[in-house]
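A.B. asks: input_4.txt is the file, holding compact mmCIF, C-alpha atoms and all ligand atoms:
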```
# COMPACT_ATOMS: atom_id res chain seq x y z
CA MET K 1 2.58 11.08 -23.92
CA LEU K 2 2.73 7.51 -25.22
CA ASN K 3 -0.26 6.10 -27.13
CA PHE K 4 -2.54 3.95 -25.00
CA GLU K 5 -5.75 1.95 -24.84
CA LEU K 6 -7.81 1.88 -21.67
CA TYR K 7 -10.04 -1.12 -21.00
CA ASN K 8 -11.44 -1.75 -17.56
CA PRO K 9 -14.80 -3.54 -17.44
CA THR K 10 -14.95 -4.05 -13.65
CA GLN K 11 -18.06 -2.63 -12.02
CA LEU K 12 -16.86 -1.12 -8.75
CA ILE K 13 -19.40 -0.81 -5.95
CA PHE K 14 -17.88 1.31 -3.22
CA GLY K 15 -19.14 2.24 0.23
CA LYS K 16 -20.82 1.23 3.48
CA GLY K 17 -23.41 -1.53 3.35
CA GLN K 18 -22.85 -2.31 -0.31
CA ILE K 19 -22.59 -6.09 0.23
CA GLU K 20 -26.41 -5.92 0.26
CA LYS K 21 -26.30 -5.38 -3.50
CA LEU K 22 -24.74 -8.78 -4.08
CA ASN K 23 -27.94 -10.47 -5.26
CA THR K 24 -28.49 -7.75 -7.85
CA LEU K 25 -25.09 -8.47 -9.38
CA ILE K 26 -25.31 -12.22 -9.97
CA PRO K 27 -28.21 -13.59 -12.06
CA GLN K 28 -30.68 -15.81 -10.18
CA GLY K 29 -30.16 -19.51 -10.88
CA THR K 30 -26.37 -19.17 -11.02
CA LYS K 31 -24.40 -21.88 -9.20
CA ILE K 32 -21.67 -20.13 -7.22
CA LEU K 33 -18.29 -21.22 -5.87
CA LEU K 34 -17.73 -19.08 -2.76
CA ALA K 35 -13.93 -18.87 -2.41
CA TYR K 36 -12.17 -17.53 0.68
CA GLY K 37 -8.97 -17.69 2.71
CA GLY K 38 -8.07 -18.98 6.16
CA GLY K 39 -11.30 -18.05 7.91
CA SER K 40 -11.14 -14.33 8.81
CA ILE K 41 -14.52 -13.88 7.08
CA PHE K 42 -16.17 -16.09 9.71
CA LYS K 43 -14.77 -14.00 12.59
CA ASN K 44 -15.70 -10.58 11.22
CA GLY K 45 -19.20 -11.46 10.04
CA ILE K 46 -18.56 -11.02 6.32
CA HIS K 47 -19.33 -14.66 5.56
CA GLN K 48 -22.72 -14.30 7.25
CA GLN K 49 -23.48 -11.09 5.33
CA VAL K 50 -22.62 -12.80 2.06
CA ILE K 51 -24.80 -15.82 2.78
CA GLU K 52 -27.72 -13.61 3.83
CA ASN K 53 -27.49 -11.70 0.58
CA LEU K 54 -27.28 -14.83 -1.55
CA LYS K 55 -30.49 -16.53 -0.40
CA GLY K 56 -31.92 -18.73 -3.12
CA TYR K 57 -28.62 -19.36 -4.90
CA GLU K 58 -26.90 -22.72 -4.93
CA ILE K 59 -23.53 -22.21 -3.23
CA VAL K 60 -20.50 -24.48 -2.91
CA GLU K 61 -17.81 -23.24 -0.52
CA PHE K 62 -14.06 -23.48 -1.08
CA GLY K 63 -11.94 -22.17 1.81
CA GLY K 64 -8.25 -22.37 2.66
CA ILE K 65 -6.71 -20.20 -0.05
CA GLU K 66 -3.52 -19.20 1.71
CA PRO K 67 -1.65 -15.85 1.60
CA ASN K 68 0.53 -15.89 -1.53
CA PRO K 69 -1.88 -18.49 -2.93
CA HIS K 70 -0.52 -21.86 -3.97
CA PHE K 71 -1.04 -23.35 -7.40
CA GLU K 72 -1.53 -26.71 -5.70
CA THR K 73 -4.46 -25.41 -3.59
CA LEU K 74 -6.05 -23.56 -6.49
CA MET K 75 -6.03 -26.67 -8.67
CA LYS K 76 -8.23 -28.37 -6.04
CA ALA K 77 -10.79 -25.60 -6.59
CA VAL K 78 -10.61 -26.21 -10.34
CA GLU K 79 -11.57 -29.84 -9.66
CA VAL K 80 -14.50 -28.77 -7.47
CA ILE K 81 -15.77 -26.41 -10.18
CA LYS K 82 -15.70 -29.18 -12.77
CA ALA K 83 -17.31 -31.77 -10.47
CA GLU K 84 -20.03 -29.42 -9.20
CA LYS K 85 -20.73 -27.70 -12.56
CA ILE K 86 -20.21 -24.21 -11.15
CA ASP K 87 -21.12 -21.14 -13.27
CA PHE K 88 -19.58 -18.26 -11.32
CA ILE K 89 -16.89 -17.70 -8.67
CA LEU K 90 -17.23 -15.21 -5.82
CA ALA K 91 -13.91 -14.30 -4.19
CA VAL K 92 -14.26 -12.97 -0.65
CA GLY K 93 -10.90 -11.85 0.72
CA GLY K 94 -7.71 -9.92 0.17
CA GLY K 95 -5.33 -9.94 -2.77
CA SER K 96 -4.44 -13.59 -2.26
CA VAL K 97 -8.01 -14.88 -2.53
CA ILE K 98 -8.81 -12.59 -5.47
CA ASP K 99 -5.57 -13.49 -7.27
CA GLY K 100 -6.20 -17.16 -6.57
CA VAL K 101 -9.68 -16.88 -8.08
CA LYS K 102 -8.25 -15.21 -11.19
CA PHE K 103 -5.97 -18.19 -11.69
CA ILE K 104 -8.84 -20.63 -11.05
CA SER K 105 -10.97 -18.72 -13.56
CA ALA K 106 -8.16 -19.00 -16.13
CA ALA K 107 -7.38 -22.67 -15.44
CA VAL K 108 -10.94 -24.10 -15.54
CA ASN K 109 -11.31 -23.91 -19.32
CA PHE K 110 -7.62 -23.91 -20.22
CA ASN K 111 -6.70 -26.26 -22.99
CA GLY K 112 -3.41 -27.73 -21.75
CA ASN K 113 -1.49 -27.99 -18.50
CA PRO K 114 -2.52 -25.04 -16.27
CA ILE K 115 0.98 -24.76 -14.77
CA ASP K 116 2.06 -23.43 -18.17
CA ILE K 117 -0.19 -20.39 -17.68
CA LEU K 118 2.19 -19.38 -14.88
CA GLN K 119 5.52 -20.68 -16.05
CA LYS K 120 5.05 -19.55 -19.65
CA ARG K 121 3.12 -16.46 -18.60
CA ILE K 122 0.22 -17.16 -20.98
CA LEU K 123 -2.17 -14.21 -21.32
CA ILE K 124 -5.80 -15.23 -20.85
CA LYS K 125 -7.91 -13.24 -23.30
CA GLU K 126 -10.99 -15.49 -23.54
CA ASN K 127 -12.70 -18.54 -22.04
CA ALA K 128 -12.25 -17.51 -18.42
CA MET K 129 -14.95 -18.36 -15.88
CA PRO K 130 -16.71 -15.16 -14.75
CA PHE K 131 -16.09 -14.04 -11.17
CA GLY K 132 -16.83 -11.20 -8.79
CA THR K 133 -15.10 -10.09 -5.61
CA ILE K 134 -15.79 -8.74 -2.15
CA LEU K 135 -12.60 -7.04 -1.02
CA THR K 136 -11.63 -7.48 2.65
CA LEU K 137 -8.09 -6.03 2.57
CA PRO K 138 -7.16 -2.86 0.65
CA ALA K 139 -3.64 -3.22 -0.76
CA THR K 140 -3.12 -4.91 -4.08
CA GLY K 141 -5.68 -3.31 -6.41
CA SER K 142 -6.50 -6.84 -7.58
CA GLU K 143 -10.21 -5.97 -7.21
CA MET K 144 -10.00 -3.75 -10.30
CA ASN K 145 -7.21 -5.17 -12.44
CA SER K 146 -6.57 -8.30 -14.47
CA GLY K 147 -3.24 -9.37 -12.99
CA TYR K 148 -2.48 -11.98 -10.36
CA VAL K 149 0.44 -13.64 -8.60
CA VAL K 150 0.52 -17.35 -7.73
CA THR K 151 3.15 -19.43 -5.93
CA ILE K 152 4.09 -22.91 -7.12
CA LYS K 153 4.93 -24.60 -3.85
CA ALA K 154 6.78 -27.50 -5.43
CA THR K 155 9.34 -25.26 -7.13
CA GLN K 156 9.22 -22.27 -4.71
CA GLU K 157 8.40 -19.93 -7.60
CA LYS K 158 6.14 -16.90 -7.23
CA LEU K 159 4.93 -15.92 -10.69
CA ALA K 160 2.82 -13.05 -12.02
CA ALA K 161 0.44 -13.39 -14.97
CA GLY K 162 -2.87 -11.98 -16.21
CA GLY K 163 -4.98 -11.21 -19.27
CA SER K 164 -7.92 -9.11 -20.39
CA ALA K 165 -10.45 -11.87 -19.60
CA LEU K 166 -9.44 -11.78 -15.92
CA PHE K 167 -11.00 -8.53 -14.73
CA PRO K 168 -13.59 -9.13 -12.01
CA LYS K 169 -17.17 -8.64 -13.32
CA PHE K 170 -17.78 -6.60 -10.17
CA SER K 171 -16.00 -5.76 -6.95
CA ILE K 172 -17.70 -4.65 -3.77
CA CYS K 173 -15.41 -2.40 -1.70
CA ASP K 174 -16.87 -1.59 1.71
CA PRO K 175 -14.27 0.38 3.72
CA THR K 176 -15.77 -0.76 7.06
CA VAL K 177 -14.32 -4.26 6.47
CA ILE K 178 -10.86 -3.01 7.45
CA GLN K 179 -11.83 -2.78 11.13
CA SER K 180 -11.00 -6.43 11.73
CA LEU K 181 -7.61 -6.30 10.00
CA PRO K 182 -4.50 -6.83 12.15
CA LYS K 183 -2.28 -3.72 12.26
CA ARG K 184 0.38 -5.55 10.29
CA GLN K 185 -1.96 -6.05 7.34
CA LEU K 186 -3.06 -2.41 7.39
CA GLU K 187 0.60 -1.36 7.32
CA ASN K 188 1.22 -3.77 4.45
CA GLY K 189 -1.69 -2.32 2.50
CA VAL K 190 -0.39 1.25 2.71
CA VAL K 191 3.15 0.27 1.67
CA ASP K 192 2.01 -2.02 -1.15
CA ALA K 193 -0.22 0.69 -2.66
CA PHE K 194 2.53 3.32 -2.18
CA THR K 195 5.01 1.13 -4.04
CA HIS K 196 2.51 0.41 -6.83
CA VAL K 197 2.39 4.13 -7.50
CA MET K 198 6.19 4.40 -7.30
CA GLU K 199 6.59 1.59 -9.87
CA GLN K 200 4.52 3.60 -12.36
CA TYR K 201 5.80 7.05 -11.41
CA LEU K 202 9.43 6.88 -10.36
CA THR K 203 11.02 6.40 -13.77
CA TYR K 204 12.23 9.48 -15.70
CA PRO K 205 10.62 12.82 -16.57
CA HIS K 206 8.07 12.53 -19.38
CA ASP K 207 5.14 14.52 -20.65
CA GLY K 208 2.37 12.56 -18.95
CA TYR K 209 1.72 15.56 -16.68
CA LEU K 210 -1.73 14.46 -15.56
CA GLN K 211 -0.56 10.90 -14.81
CA ASP K 212 2.22 12.37 -12.63
CA ARG K 213 -0.20 14.62 -10.75
CA ILE K 214 -2.67 11.78 -10.14
CA ALA K 215 0.20 9.54 -8.96
CA GLU K 216 1.45 12.28 -6.64
CA GLY K 217 -2.07 12.77 -5.31
CA ILE K 218 -2.26 9.10 -4.36
CA LEU K 219 1.20 9.21 -2.72
CA GLN K 220 0.30 12.33 -0.72
CA THR K 221 -3.02 10.86 0.38
CA LEU K 222 -1.32 7.64 1.52
CA ILE K 223 1.24 9.66 3.51
CA GLU K 224 -1.61 11.66 5.04
CA VAL K 225 -3.95 8.80 5.97
CA GLY K 226 -1.56 5.81 6.24
CA PRO K 227 -0.12 6.39 9.73
CA LYS K 228 -3.56 7.34 11.08
CA VAL K 229 -5.61 4.55 9.54
CA VAL K 230 -3.46 1.83 11.12
CA GLU K 231 -4.34 3.33 14.52
CA HIS K 232 -7.99 4.14 13.72
CA PRO K 233 -9.35 1.71 11.13
CA GLU K 234 -12.86 2.47 12.45
CA ASP K 235 -12.60 6.07 11.15
CA TYR K 236 -14.63 6.01 7.93
CA ALA K 237 -12.94 9.03 6.33
CA LEU K 238 -9.53 7.38 6.81
CA ALA K 239 -10.72 3.92 5.80
CA SER K 240 -12.50 5.05 2.63
CA ASN K 241 -9.59 7.18 1.43
CA PHE K 242 -7.14 4.39 2.16
CA MET K 243 -9.25 1.85 0.25
CA TRP K 244 -9.78 4.13 -2.75
CA CYS K 245 -6.04 4.95 -2.89
CA CYS K 246 -5.24 1.24 -3.04
CA THR K 247 -7.67 0.64 -5.90
CA MET K 248 -6.55 3.72 -7.82
CA ALA K 249 -2.88 2.80 -7.38
CA LEU K 250 -3.25 -0.31 -9.51
CA ASN K 251 -6.38 -0.24 -11.64
CA GLY K 252 -4.34 0.66 -14.71
CA LEU K 253 -5.20 4.35 -14.87
CA ILE K 254 -1.91 5.94 -13.78
CA GLN K 255 0.12 3.55 -15.93
CA LYS K 256 -1.50 4.65 -19.20
CA GLY K 257 0.69 6.64 -21.55
CA VAL K 258 3.78 6.59 -19.31
CA PRO K 259 6.80 4.31 -18.75
CA SER K 260 6.75 1.93 -15.78
CA ASP K 261 9.32 0.00 -13.80
CA TRP K 262 8.06 -3.03 -11.75
CA ALA K 263 11.58 -4.34 -10.97
CA THR K 264 11.01 -3.85 -7.21
CA HIS K 265 8.03 -6.23 -7.45
CA MET K 266 9.90 -8.78 -9.54
CA ILE K 267 12.77 -8.95 -7.03
CA GLY K 268 10.40 -8.71 -4.04
CA HIS K 269 8.40 -11.74 -5.22
CA GLU K 270 11.58 -13.81 -4.97
CA LEU K 271 12.02 -12.83 -1.31
CA THR K 272 8.47 -13.99 -0.57
CA ALA K 273 9.05 -17.24 -2.45
CA LEU K 274 12.30 -17.90 -0.57
CA TYR K 275 11.54 -16.61 2.93
CA ASN K 276 7.76 -16.16 3.05
CA ILE K 277 8.13 -12.45 3.86
CA ASP K 278 4.87 -10.48 3.46
CA HIS K 279 4.63 -9.01 -0.05
CA ALA K 280 4.62 -5.34 1.06
CA ARG K 281 7.61 -5.88 3.35
CA THR K 282 9.69 -7.22 0.47
CA LEU K 283 8.94 -3.98 -1.38
CA ALA K 284 10.08 -1.89 1.60
CA ILE K 285 13.36 -3.86 1.58
CA ILE K 286 14.03 -3.64 -2.17
CA GLY K 287 12.46 -0.34 -3.33
CA PRO K 288 14.82 2.17 -1.69
CA ASN K 289 17.89 0.12 -2.64
CA LEU K 290 16.72 -0.05 -6.23
CA TYR K 291 16.46 3.76 -6.22
CA ARG K 292 20.01 3.92 -4.80
CA VAL K 293 21.52 1.58 -7.38
CA LEU K 294 19.59 3.22 -10.25
CA PHE K 295 20.27 6.68 -8.86
CA GLU K 296 21.69 8.27 -12.02
CA ALA K 297 18.82 6.98 -14.21
CA LYS K 298 16.12 7.98 -11.71
CA LYS K 299 17.71 11.14 -10.31
CA ALA K 300 15.56 13.64 -12.18
CA LYS K 301 12.30 11.93 -11.22
CA LEU K 302 13.46 11.41 -7.64
CA ALA K 303 14.04 15.17 -7.47
CA GLN K 304 10.52 15.89 -8.79
CA TYR K 305 9.14 13.45 -6.20
CA GLY K 306 11.25 15.05 -3.43
CA LYS K 307 10.06 18.56 -4.30
CA ARG K 308 6.39 17.80 -4.82
CA ILE K 309 5.81 15.17 -2.14
CA PHE K 310 8.23 16.19 0.64
CA ASN K 311 8.74 19.90 -0.19
CA LEU K 312 12.52 19.43 -0.28
CA SER K 313 14.88 22.09 -1.58
CA GLY K 314 18.53 22.12 -2.68
CA SER K 315 20.34 20.85 -5.78
CA GLU K 316 18.78 18.09 -7.89
CA GLU K 317 21.31 15.63 -6.46
CA GLU K 318 20.63 16.63 -2.85
CA ILE K 319 16.85 16.51 -3.22
CA ALA K 320 16.98 13.13 -4.98
CA LYS K 321 19.13 11.61 -2.21
CA GLU K 322 17.02 13.09 0.56
CA ALA K 323 13.83 11.84 -1.15
CA ILE K 324 15.08 8.24 -0.82
CA GLU K 325 15.74 8.76 2.89
CA LYS K 326 12.27 10.28 3.35
CA THR K 327 10.76 7.23 1.67
CA VAL K 328 12.64 4.89 4.02
CA ALA K 329 11.50 7.00 6.99
CA PHE K 330 7.89 6.69 5.81
CA PHE K 331 8.24 2.91 5.52
CA HIS K 332 9.67 2.81 9.07
CA GLN K 333 6.77 4.95 10.28
CA MET K 334 4.49 2.36 8.65
CA GLY K 335 6.07 -0.40 10.75
CA MET K 336 8.33 -1.88 8.06
CA ASP K 337 11.77 -3.37 8.66
CA THR K 338 13.79 -2.44 5.59
CA GLN K 339 16.76 -4.86 5.69
CA LEU K 340 16.60 -8.54 4.71
CA SER K 341 18.74 -9.53 7.71
CA GLN K 342 15.89 -8.35 9.97
CA TYR K 343 13.73 -11.17 8.57
CA THR K 344 16.20 -14.05 8.13
CA ASP K 345 19.76 -15.05 9.08
CA ASP K 346 20.08 -17.12 5.95
CA TYR K 347 20.54 -14.37 3.38
CA SER K 348 24.16 -14.62 2.21
CA LYS K 349 23.38 -16.44 -1.05
CA THR K 350 20.11 -14.64 -1.87
CA ALA K 351 21.50 -12.31 -4.54
CA ASP K 352 23.22 -15.13 -6.45
CA PHE K 353 20.11 -17.29 -6.23
CA ILE K 354 17.82 -14.56 -7.59
CA VAL K 355 20.24 -13.66 -10.38
CA LYS K 356 20.40 -17.32 -11.42
CA ARG K 357 16.61 -17.57 -11.51
CA PHE K 358 16.24 -14.41 -13.56
CA GLU K 359 18.91 -15.66 -15.94
CA GLU K 360 17.06 -18.97 -16.38
CA ARG K 361 13.86 -17.05 -17.14
CA GLY K 362 15.65 -14.81 -19.62
CA TRP K 363 14.98 -11.68 -17.51
CA LYS K 364 18.19 -9.91 -18.41
CA GLY K 365 16.94 -6.34 -18.23
CA LEU K 366 14.03 -5.23 -16.02
CA GLY K 367 12.68 -1.74 -15.40
CA GLU K 368 11.54 1.15 -17.56
CA ASN K 369 14.58 1.04 -19.85
CA GLN K 370 15.60 -2.56 -19.25
CA GLN K 371 18.53 -1.08 -17.36
CA VAL K 372 18.07 -3.30 -14.28
CA THR K 373 20.57 -5.84 -15.54
CA LEU K 374 21.49 -9.01 -13.66
CA GLU K 375 24.53 -7.20 -12.30
CA LYS K 376 22.28 -4.44 -10.93
CA VAL K 377 19.85 -7.00 -9.47
CA LYS K 378 22.82 -8.47 -7.58
CA SER K 379 23.85 -5.03 -6.28
CA ILE K 380 20.29 -4.15 -5.23
CA VAL K 381 19.80 -7.40 -3.32
CA GLU K 382 23.24 -7.23 -1.68
CA LEU K 383 22.59 -3.66 -0.60
CA SER K 384 19.36 -4.93 0.98
CA TYR K 385 21.06 -7.46 3.29
O1 LIG K 401 -6.99 -15.79 4.78
P1 LIG K 401 -7.80 -15.00 5.74
O2 LIG K 401 -8.25 -15.76 6.92
O3 LIG K 401 -8.93 -14.26 5.06
O4 LIG K 401 -6.81 -13.89 6.38
C1 LIG K 401 -6.12 -12.93 5.62
C2 LIG K 401 -4.64 -13.23 5.47
O5 LIG K 401 -4.16 -13.98 6.54
C3 LIG K 401 -6.14 -11.63 6.37
N1 LIG K 401 -7.33 -10.81 6.13
C4 LIG K 401 -7.82 -10.40 4.93
N2 LIG K 401 -8.90 -9.59 5.14
C5 LIG K 401 -9.09 -9.53 6.49
C6 LIG K 401 -8.12 -10.30 7.11
N3 LIG K 401 -8.04 -10.44 8.47
C7 LIG K 401 -8.97 -9.79 9.20
N4 LIG K 401 -9.92 -9.00 8.66
C8 LIG K 401 -10.02 -8.84 7.31
N5 LIG K 401 -10.95 -8.00 6.80
O6 LIG K 401 -5.00 -10.94 5.90
C9 LIG K 401 -3.98 -11.88 5.56
C10 LIG K 401 -3.29 -11.46 4.28
O7 LIG K 401 -4.18 -11.54 3.19
P2 LIG K 401 -3.63 -11.46 1.68
O8 LIG K 401 -4.82 -11.57 0.79
O9 LIG K 401 -2.51 -12.40 1.50
O10 LIG K 401 -3.02 -9.99 1.62
P3 LIG K 401 -2.91 -8.96 0.42
O11 LIG K 401 -4.24 -8.38 0.10
O12 LIG K 401 -1.83 -8.05 0.82
O13 LIG K 401 -2.48 -9.83 -0.85
C11 LIG K 401 -1.15 -10.21 -1.07
C12 LIG K 401 -1.04 -11.02 -2.35
O14 LIG K 401 -1.39 -10.22 -3.49
C13 LIG K 401 -0.33 -10.26 -4.46
C14 LIG K 401 0.88 -10.45 -3.58
O15 LIG K 401 2.00 -10.88 -4.32
C15 LIG K 401 0.39 -11.46 -2.59
O16 LIG K 401 0.43 -12.76 -3.13
N6 LIG K 401 -0.36 -9.06 -5.30
C16 LIG K 401 -1.31 -8.97 -6.24
C17 LIG K 401 -1.37 -7.92 -7.14
C18 LIG K 401 -2.41 -7.84 -8.19
N7 LIG K 401 -3.22 -8.82 -8.36
O17 LIG K 401 -2.50 -6.85 -8.90
C19 LIG K 401 -0.39 -6.83 -7.11
C20 LIG K 401 0.41 -6.80 -5.86
O18 LIG K 401 1.63 -6.17 -6.16
C21 LIG K 401 0.72 -8.11 -5.25
O19 LIG K 401 1.84 -8.70 -5.90
ZN ZN K 402 2.41 -5.05 -4.75
```
Could you quickly redo this structure as structure tokens?
C.D. replies:
Amino acid sequence: MLNFELYNPTQLIFGKGQIEKLNTLIPQGTKILLAYGGGSIFKNGIHQQVIENLKGYEIVEFGGIEPNPHFETLMKAVEVIKAEKIDFILAVGGGSVIDGVKFISAAVNFNGNPIDILQKRILIKENAMPFGTILTLPATGSEMNSGYVVTIKATQEKLAAGGSALFPKFSICDPTVIQSLPKRQLENGVVDAFTHVMEQYLTYPHDGYLQDRIAEGILQTLIEVGPKVVEHPEDYALASNFMWCCTMALNGLIQKGVPSDWATHMIGHELTALYNIDHARTLAIIGPNLYRVLFEAKKAKLAQYGKRIFNLSGSEEEIAKEAIEKTVAFFHQMGMDTQLSQYTDDYSKTADFIVKRFEERGWKGLGENQQVTLEKVKSIVELSY
């Protein structure tokens, strides 16, 4: 097992009715920026619950953080925070609102041009504005990690960054909030969390036995509850397991002491930036083709995955190949289209465009062994057309 340090200061408050604890989590007298997205929290009653549980606090609202949050929008919130002398940010939403708030928290006290935080991927280790979250969409794990992804609209770049100062102080995860989610977002959540586990698991055999077993437990649970929860989001057993899987998939735990990949995400982010395809759907397009192109390097782990997750038998080669097909079948079952041409007609230059961008950024070798070269990126994207 590789050496590791584990630091995760987020206080997670999980379960039904837990939004009521909000006023015990933020000191009285704090001036709060209440940040949210396009308005779903008004339709499902979460906004009202939040306001009721924050009586006596001074609150300034900032709505309109869009899916795949824009740098340009978030900078408006930074201005509001400075003008209103805000002390604390409360993010109420899915991954986009929480990620957006992480960037706002980083940018408020940043000494320099905040766009550099994204473009130069500056780690924020201090001086961030404290924030908490109320999760409304299980998917990203952003409620319990310190990473975020922000889109610069002007340049059509979708960039990931983070830093140890950007963990939420607390996150309230009430599984009943998923009842108002459109089916498409529930499907996205299952596939995003599934792929988060795959990024940290599907590399090569190593001696992080426990990490593998935890990862496999999350994958099996998502396969068990995923197809059912999209039909029955009101079922608390399904909803709570789904939500906990999503958090556990990306709160840092399964990544400790083992190699990880993340190339599917890096390529997927480009598809969202170019075509505005939902994050999870870009992963369903790219993931299986990355496993195909990297087949020799990933064969042994694919075979372990095939045996333990899908009970496959045969030679290592046969199991590994079949495991990819089973993964695609699961994504289809979860409502995903898995070819780029099903989302856009304008795909013929995508591979060249992405390769050029990666080259400009100096990303010449992604993945667990830096073996996802620019040539392989091209093959993966072309195979995804
Ligand atoms: O904006 P509102 O009106 O709230 O509507 C949202 C949005 O339209 C809606 N929604 C959220 N909760 C709802 C709801 N509708 C009804 N009922 C509810 N309870 O769902 C839509 C999508 O929301 P969004 O936050 O964009 O989805 P998601 O949570 O999937 O987040 C995606 C973003 O997270 C990033 C992605 O790249 C993408 O930008 N990621 C962040 C990660 C991280 N921080 O660790 C890791 C991930 O890999 C991912 O990259
Ligand atoms: Zn993701």
A.B. asks: Need to verify the contact set: segment 333-337 of chain K, 7 Å, only C-alpha atoms, exclusion of same-chain residues closer than 5 positions in sequence. Can you return it as a list in words?
C.D. replies: Glu187, Pro227, Arg281, Ala284 and Gln342 of chain K
A.B. asks: Which residues are near ligand LIG 401 (chain K) in this structure, taking near to mean any atom at most 6 Å from a ligand atom and counting all atoms listed in the file? Format them as an NGL selection string.
C.D. replies: :K and (37-41 or 66-68 or 93-97 or 99 or 136-137 or 139-142 or 147-149 or 177-178 or 180-181 or 185 or 189 or 279)
A.B. asks: Since we have the selection now, will you write its residues out, keeping C-alpha atoms, as a compact mmCIF listing (two decimals), keeping the file's coordinate frame?
C.D. replies:
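Wrote part.txt, looks like this:
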```txt
# COMPACT_ATOMS: atom_id res chain seq x y z
CA GLY K 37 -8.97 -17.69 2.71
CA GLY K 38 -8.07 -18.98 6.16
CA GLY K 39 -11.30 -18.05 7.91
CA SER K 40 -11.14 -14.33 8.81
CA ILE K 41 -14.52 -13.88 7.08
CA GLU K 66 -3.52 -19.20 1.71
CA PRO K 67 -1.65 -15.85 1.60
CA ASN K 68 0.53 -15.89 -1.53
CA GLY K 93 -10.90 -11.85 0.72
CA GLY K 94 -7.71 -9.92 0.17
CA GLY K 95 -5.33 -9.94 -2.77
CA SER K 96 -4.44 -13.59 -2.26
CA VAL K 97 -8.01 -14.88 -2.53
CA ASP K 99 -5.57 -13.49 -7.27
CA THR K 136 -11.63 -7.48 2.65
CA LEU K 137 -8.09 -6.03 2.57
CA ALA K 139 -3.64 -3.22 -0.76
CA THR K 140 -3.12 -4.91 -4.08
CA GLY K 141 -5.68 -3.31 -6.41
CA SER K 142 -6.50 -6.84 -7.58
CA GLY K 147 -3.24 -9.37 -12.99
CA TYR K 148 -2.48 -11.98 -10.36
CA VAL K 149 0.44 -13.64 -8.60
CA VAL K 177 -14.32 -4.26 6.47
CA ILE K 178 -10.86 -3.01 7.45
CA SER K 180 -11.00 -6.43 11.73
CA LEU K 181 -7.61 -6.30 10.00
CA GLN K 185 -1.96 -6.05 7.34
CA GLY K 189 -1.69 -2.32 2.50
CA HIS K 279 4.63 -9.01 -0.05
```
A.B. asks: Around ligand ZN 402 (chain K), which protein and nucleic acid residues have at least one atom no more than 7 Å from it, if we count all atoms listed in the file? List them as a list in words.
C.D. replies: Thr140, Asp192, Ala193, Thr195, His196, His265, His279 and Ala280 of chain K
A.B. asks: If we draw a sphere of 12 Å around (-12.0, 7.7, 5.8), which residues have at least one atom in it when counting all atoms listed in the file? Please report them as a PyMOL selection string.
C.D. replies: chain K and resi 15-16+174-176+178-179+221-222+224-226+228-230+232-245
A.B. asks: Tell me, as a compact mmCIF listing (two decimals) with C-alpha atoms, keeping the file's coordinate frame, which residues lie within 10 Å of Arg361 of chain K, counting only C-alpha atoms; anything in the same chain fewer than 6 positions away does not count.
C.D. replies:
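The resulting file, part02.txt, is shown below:
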```
# COMPACT_ATOMS: atom_id res chain seq x y z
CA GLN K 119 5.52 -20.68 -16.05
CA LYS K 120 5.05 -19.55 -19.65
CA VAL K 355 20.24 -13.66 -10.38
```
A.B. asks: Name the residues in contact with Ile117 of chain K at a cut-off of 12 Å, using only C-alpha atoms, excluding same-chain residues fewer than 5 positions from it; report them as a PyMOL selection string.
C.D. replies: chain K and resi 71+102-112+122-125+148-150+152+159-163
A.B. asks: I'd like the contact shell of Gln370 of chain K - 12 Å cut-off, all atoms listed in the file, skipping same-chain residues fewer than 3 positions apart - returned as an MDAnalysis selection string.
C.D. replies: chainID K and resid 203 259:263 294 297 363:367 373:374 376:377
A.B. asks: From the list K:Ile223, K:Leu274, K:Val190, K:Leu253, which residue is nearest Glu5 of chain K when using all atoms listed in the file?
C.D. replies: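 Of K:Ile223, K:Leu274, K:Val190, K:Leu253, the one nearest Glu5 of chain K is K:Leu253, counting all atoms listed in the file.
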A.B. asks: From the set K:Pro114, K:Gly100, K:Pro130, K:Gly45, which residue has the shortest atom-to-atom contact distance to Ile19 of chain K, counting all atoms listed in the file?
C.D. replies: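 When distances to Ile19 of chain K are compared using all atoms listed in the file, the smallest one comes from K:Gly45.
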A.B. asks: May I have the residues at most 10 Å from (2.4, 12.9, -2.0) in the file's coordinates, counting all atoms listed in the file, as number ranges by chain?
C.D. replies: K: 194, 213-224, 305-311
A.B. asks: Keeping only C-alpha atoms, take the residues you just selected and write them out as a short mmCIF file (atom, residue, chain, number, x, y, z; two decimals), in the coordinates of the input.
C.D. replies:
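Final file, again35.cif:
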```cif
data_model
loop_
_atom_site.label_atom_id
_atom_site.label_comp_id
_atom_site.auth_asym_id
_atom_site.auth_seq_id
_atom_site.Cartn_x
_atom_site.Cartn_y
_atom_site.Cartn_z
CA PHE K 194 2.53 3.32 -2.18
CA ARG K 213 -0.20 14.62 -10.75
CA ILE K 214 -2.67 11.78 -10.14
CA ALA K 215 0.20 9.54 -8.96
CA GLU K 216 1.45 12.28 -6.64
CA GLY K 217 -2.07 12.77 -5.31
CA ILE K 218 -2.26 9.10 -4.36
CA LEU K 219 1.20 9.21 -2.72
CA GLN K 220 0.30 12.33 -0.72
CA THR K 221 -3.02 10.86 0.38
CA LEU K 222 -1.32 7.64 1.52
CA ILE K 223 1.24 9.66 3.51
CA GLU K 224 -1.61 11.66 5.04
CA TYR K 305 9.14 13.45 -6.20
CA GLY K 306 11.25 15.05 -3.43
CA LYS K 307 10.06 18.56 -4.30
CA ARG K 308 6.39 17.80 -4.82
CA ILE K 309 5.81 15.17 -2.14
CA PHE K 310 8.23 16.19 0.64
CA ASN K 311 8.74 19.90 -0.19
#
```
